[in-house]
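Report on the following structure.
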Amino acid sequence: MTSNDAGLSVPDWPLSQGQLMPPMVGGVLYEHGHRMVAATVGLLTIVLNIWLWKAQSYPWVRGLGLIALAAVIVQGVLGGVTVLFFLPTPISVLHASLAPLFLCLVVTLSVVTSSSWVHLSRFLMEGWREALKGTERELRLAVVTTLALYLQHVLGAALRHSGTVNGTKGAVLVTSALVVHLGGAVAVTGLIIVVSRVFIKRIHDPTIIRLVYLELSLLLAQLFLGWGAYLARIDPANQVQPTVAKVWITTSHLTIGVLLLATSLVVTLKMTGKAVGKAASKNRKSPLEPALAGQIL
Ligand code: HEM
Ligand code: HEM
């Protein structure tokens with residue numbers, strides 16, 4: 001929707017052009033389509049919460065579900081507010097920055113509700129500090145990389161929405177936003193390379209190594225797409241905007257960006273599971289069965 005500059009194709013909210021289902025023509029296809037997908041995501045998050053309350057006994061897992069529900073509600077309200085106030089840059093950037101956080105919450109829920117984590121949950125609450133000691137350096141690296149990728153996403157959102165005047169995306173990029181985003185790209189590239197080297201050398205876990213290779217491939221694609229997004233943005237103004245290439249390249253840059261963030265988060269969670277599993281198997285009061293700990297490791 002942003003790449004097609006369709007944010008104001010439907011100027012009202014919560015109804016769309018005063019109806020539940022307006023004719024899906026022009027930019028309305030993107031704007032109302034986005035609202036319909038958002039409503040489906042909201043409903044699925046409610047279903048997810050009902051399931052968590054029925055099937056999960058750990059309060060922190062249920063709590064994560066509630067935070068995800070709150071995030072999707074705030075996300076919807078921010079979407080509505082940005083429409084009602086003609087796409088003010090700060091609200092659009094906030095809306096673009098909460099979206100990957102919501103994705104991270106859902107990804108975390110999918111990992112911590114997997115069968116191998118069910119046995120870990122009680123240890124995670126009791127002695128996570130002690131559990132994480134053994135793998136502190138590797139885990140810290142994974143956490144910092146994930147946080148840096150999220151920050152890079154926010155900087156990308158600021159860059160994407162810079163030059164916005166009442167909903168009209170300027171053809172030019174704000175240089176300072178571009179320079180900061182490029183600096184961020186250098187930093188996350190360095191971090192991912194360091195994480196990959198350390199993990200490939202020291203972590204003998206095929207799942208984590210496979211994820212690290214996936215992260216490296218996504219990074220390579222992301223750097224090419226970033227360059228493409230830049231070239232598409234400085235397109236000569238005499239072309240009819242937005243060009244198909246611009247829409248595809250910028251949307252792919254955003255999509256690969258969130259996939260990169262999600263992969264880094266899964267690596268971090270797997271590293272946490274590995275550390276907690278190791279400590280849990282040594283727990284004196286009620287040790288985790290070695291066979292189960294082996295599964296997690
Ligand atoms: C599940 C809920 C939602 C999610 C995950 C979500 C996610 C997103 C994402 C990722 C973008 C692109 C950001 C960017 O290009 O930088 C976007 C743009 C946008 N969204 Fe949503 N959205 C949601 C709900 C809504 C709702 C309910 C509305 C209500 C009208 C809305 C209105 C908009 C608008 C107007 C834009 C374009 C902003 C601009 O061009 O400045 N969103 N949304
Ligand atoms: C790993 C490195 C990178 C990551 C994770 C990343 C991530 C992102 C994300 C997520 C967005 C869109 C944010 C949103 O609207 O929600 C974005 C926008 C953008 N990025 Fe990157 N980026 C990276 C590297 C680069 C590089 C090397 C360039 C090259 C110049 C670049 C140029 C751009 C441009 C021009 C935009 C705005 C696109 C538009 O106008 O729609 N990025 N970036």
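By convention in this document, the chains of the structure tokens carry letters A, B, ... by their order, each chain's residues are numbered from 1, and ligands are numbered from 1 in the order they are shown.
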**Report entry** DSSP-assigned alpha helix (DSSP H) members of segment 206-261 of chain A, reported as an MDAnalysis selection string
**Finding:** chainID A and resid 206:233 244:261
Requested in this report: Report as a ChimeraX atom specification: the residues of segment 19-248 of chain A with a DSSP assignment of strand (DSSP E), based on the backbone of this structure.
Outcome: /A:164-165,168-169
Query - Nearest residue to Ala280 of chain A from the set A:Val81, A:Leu15, A:Leu120, A:Val111 (distances using only C-alpha atoms) - result: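 Among the listed residues, the smallest separation from Ala280 of chain A belongs to A:Leu120.
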Produce as a compact mmCIF listing (two decimals) with C-alpha atoms, in the first residue's frame the set of residues near ligand 1, where near means within 6 Å with only C-alpha atoms and all ligand atoms considered.
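out-v9.txt written:
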```
# COMPACT_ATOMS: atom_id res chain seq x y z
CA MET A 1 0.00 0.00 0.00
CA THR A 2 2.79 2.45 0.90
CA ASP A 5 0.94 5.54 -2.37
CA GLY A 7 -2.74 5.20 1.97
CA ARG A 35 -7.87 -3.52 6.34
CA ALA A 38 -5.68 -6.77 9.30
CA VAL A 41 -5.08 -11.17 11.67
CA GLY A 42 -6.90 -9.57 14.65
CA VAL A 72 -2.55 -5.86 17.13
CA GLN A 75 -1.64 -1.40 15.38
CA GLY A 76 -5.19 -1.22 13.98
CA GLY A 79 -3.60 2.56 11.04
CA GLY A 80 -6.96 4.29 11.45
CA THR A 82 -2.83 7.77 10.27
CA VAL A 83 -5.67 7.74 7.71
CA LEU A 87 -0.68 10.11 6.96
CA SER A 92 3.02 6.13 9.78
CA ALA A 96 5.44 0.56 10.37
CA ALA A 99 4.21 -4.30 12.75
CA ALA A 157 10.55 3.06 8.05
```
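Note that atom 2 (C, counted along the ligand's line) of ligand 2 and atom CA of Thr189 of chain A are 6.5 Å apart.
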Query raised in the report: Taking into account only C-alpha atoms, which residue in the set A:Ser264, A:Ser114, A:Met271, A:Val93 is nearest to His204 of chain A?
Result: A:Met271
Requested in this report: Step by step, measure atom-to-atom distances between ligand 2 and each residue using only C-alpha atoms and all ligand atoms, keep those at most 8 Å, then write them as a ChimeraX atom specification.
Outcome: /A:2-3,93,96-97,149-150,152-161,173,178,181-182,184-186,188-189,219-220,222-233,246-247,250-251,253-258,260-261
Report task. Write out as a list in words each polymer residue whose atoms come within 12 Å of Leu105 of chain A, counting only C-alpha atoms; drop sequence neighbours fewer than 5 positions from it. Result -> Thr45, Val61, Arg62, Gly63, Leu64, Gly65, Leu66, Ile67, Ala68, Leu69, Ala70, Ala71, Val72, Leu98, Ala99, Pro100, Ser110, Val111, Val112, Leu261, Ala262, Leu265, Val266 and Leu269 of chain A
Would you mind exporting N, CA and C atoms of the selected residues as a CSV table (one decimal), in the first residue's frame?
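This is the output file result.csv:
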```
chain,number,residue,atom,x,y,z
A,45,THR,N,-5.7,-13.6,16.1
A,45,THR,CA,-5.0,-13.4,17.4
A,45,THR,C,-5.9,-13.7,18.6
A,61,VAL,N,3.4,-17.5,29.2
A,61,VAL,CA,3.1,-17.8,27.8
A,61,VAL,C,1.7,-17.1,27.5
A,62,ARG,N,0.8,-17.3,28.4
A,62,ARG,CA,-0.5,-16.6,28.2
A,62,ARG,C,-0.4,-15.1,28.2
A,63,GLY,N,0.5,-14.6,29.0
A,63,GLY,CA,0.8,-13.2,29.1
A,63,GLY,C,1.3,-12.7,27.7
A,64,LEU,N,2.2,-13.5,27.1
A,64,LEU,CA,2.8,-13.1,25.8
A,64,LEU,C,1.6,-13.0,24.7
A,65,GLY,N,0.7,-13.9,24.8
A,65,GLY,CA,-0.5,-13.9,23.9
A,65,GLY,C,-1.3,-12.6,24.1
A,66,LEU,N,-1.5,-12.2,25.4
A,66,LEU,CA,-2.3,-11.0,25.6
A,66,LEU,C,-1.5,-9.8,25.1
A,67,ILE,N,-0.2,-9.8,25.3
A,67,ILE,CA,0.6,-8.6,24.7
A,67,ILE,C,0.5,-8.6,23.2
A,68,ALA,N,0.5,-9.7,22.6
A,68,ALA,CA,0.3,-9.8,21.1
A,68,ALA,C,-1.1,-9.2,20.7
A,69,LEU,N,-2.1,-9.6,21.5
A,69,LEU,CA,-3.5,-9.1,21.2
A,69,LEU,C,-3.5,-7.5,21.4
A,70,ALA,N,-2.9,-7.0,22.5
A,70,ALA,CA,-2.9,-5.6,22.7
A,70,ALA,C,-2.1,-4.9,21.5
A,71,ALA,N,-1.0,-5.5,21.1
A,71,ALA,CA,-0.2,-4.9,20.0
A,71,ALA,C,-1.0,-4.8,18.7
A,72,VAL,N,-1.8,-5.9,18.4
A,72,VAL,CA,-2.6,-5.9,17.1
A,72,VAL,C,-3.7,-4.8,17.2
A,98,LEU,N,5.6,-0.9,14.7
A,98,LEU,CA,5.0,-1.8,15.6
A,98,LEU,C,4.7,-3.2,14.9
A,99,ALA,N,4.5,-3.1,13.5
A,99,ALA,CA,4.2,-4.3,12.8
A,99,ALA,C,5.3,-5.4,13.0
A,100,PRO,N,6.6,-5.1,12.8
A,100,PRO,CA,7.6,-6.2,13.0
A,100,PRO,C,7.6,-6.7,14.5
A,110,SER,N,5.2,-19.1,18.7
A,110,SER,CA,5.3,-20.3,18.0
A,110,SER,C,6.5,-21.2,18.4
A,111,VAL,N,7.6,-20.5,18.8
A,111,VAL,CA,8.7,-21.3,19.3
A,111,VAL,C,8.5,-21.8,20.7
A,112,VAL,N,8.0,-21.0,21.6
A,112,VAL,CA,7.9,-21.4,23.0
A,112,VAL,C,6.7,-22.4,23.2
A,261,LEU,N,14.8,-10.4,10.3
A,261,LEU,CA,14.6,-10.1,11.7
A,261,LEU,C,14.0,-11.4,12.4
A,262,ALA,N,13.0,-12.0,11.7
A,262,ALA,CA,12.4,-13.2,12.3
A,262,ALA,C,13.4,-14.3,12.4
A,265,LEU,N,15.7,-13.7,15.3
A,265,LEU,CA,15.0,-13.9,16.6
A,265,LEU,C,14.9,-15.4,16.9
A,266,VAL,N,14.6,-16.3,15.8
A,266,VAL,CA,14.5,-17.7,16.1
A,266,VAL,C,15.9,-18.3,16.5
A,269,LEU,N,16.2,-17.4,20.1
A,269,LEU,CA,15.3,-18.3,21.0
A,269,LEU,C,15.9,-19.7,21.0
```
Report task. Return the single residue from A:Pro14, A:Ala148, A:Ser217, A:Phe102 that is closest to Leu191 of chain A, with distances computed using only C-alpha atoms. Result ->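 Between A:Pro14, A:Ala148, A:Ser217, A:Phe102, the residue approaching Leu191 of chain A most closely is A:Ala148.
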Report task. Rounded to one decimal place, report the atom CA of Asn4 of chain A-atom CA of Tyr30 of chain A distance in Å. Result ->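 Taking atom CA of Asn4 of chain A as the start and atom CA of Tyr30 of chain A as the end point, the length is 8.2 Å.
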Non-local contacts of Ile203 of chain A (12 Å; only C-alpha atoms; under 2 positions in same chain excluded) as an mmCIF file with C-alpha atoms, in the first residue's frame:
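Result written to out-v7.cif:
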```cif
data_model
loop_
_atom_site.group_PDB
_atom_site.id
_atom_site.type_symbol
_atom_site.label_atom_id
_atom_site.label_comp_id
_atom_site.auth_asym_id
_atom_site.auth_seq_id
_atom_site.Cartn_x
_atom_site.Cartn_y
_atom_site.Cartn_z
ATOM 1 C CA THR A 135 26.532 -19.506 26.619
ATOM 2 C CA ARG A 137 28.797 -14.512 24.867
ATOM 3 C CA GLU A 138 27.065 -16.288 21.982
ATOM 4 C CA LEU A 139 23.623 -15.489 23.332
ATOM 5 C CA VAL A 195 27.474 -14.169 14.616
ATOM 6 C CA SER A 196 27.777 -16.566 11.649
ATOM 7 C CA ARG A 197 31.523 -17.071 12.132
ATOM 8 C CA VAL A 198 31.211 -17.649 15.902
ATOM 9 C CA PHE A 199 28.198 -19.950 15.620
ATOM 10 C CA ILE A 200 29.538 -22.041 12.712
ATOM 11 C CA LYS A 201 32.771 -22.567 14.694
ATOM 12 C CA ASP A 205 23.692 -27.753 16.323
ATOM 13 C CA PRO A 206 22.528 -28.487 12.742
ATOM 14 C CA THR A 207 19.239 -26.538 13.150
ATOM 15 C CA ILE A 208 20.996 -23.391 14.366
ATOM 16 C CA ILE A 209 23.682 -23.671 11.652
ATOM 17 C CA ARG A 210 20.994 -24.064 8.955
ATOM 18 C CA LEU A 211 19.272 -20.925 10.304
ATOM 19 C CA VAL A 212 22.597 -19.042 10.278
ATOM 20 C CA VAL A 267 18.314 -18.182 16.292
ATOM 21 C CA LYS A 270 16.982 -21.571 19.905
ATOM 22 C CA MET A 271 20.194 -20.478 21.661
ATOM 23 C CA LYS A 274 19.778 -24.757 24.242
ATOM 24 C CA ALA A 275 21.230 -22.974 27.305
ATOM 25 C CA LEU A 297 20.111 -29.459 22.591
#
```
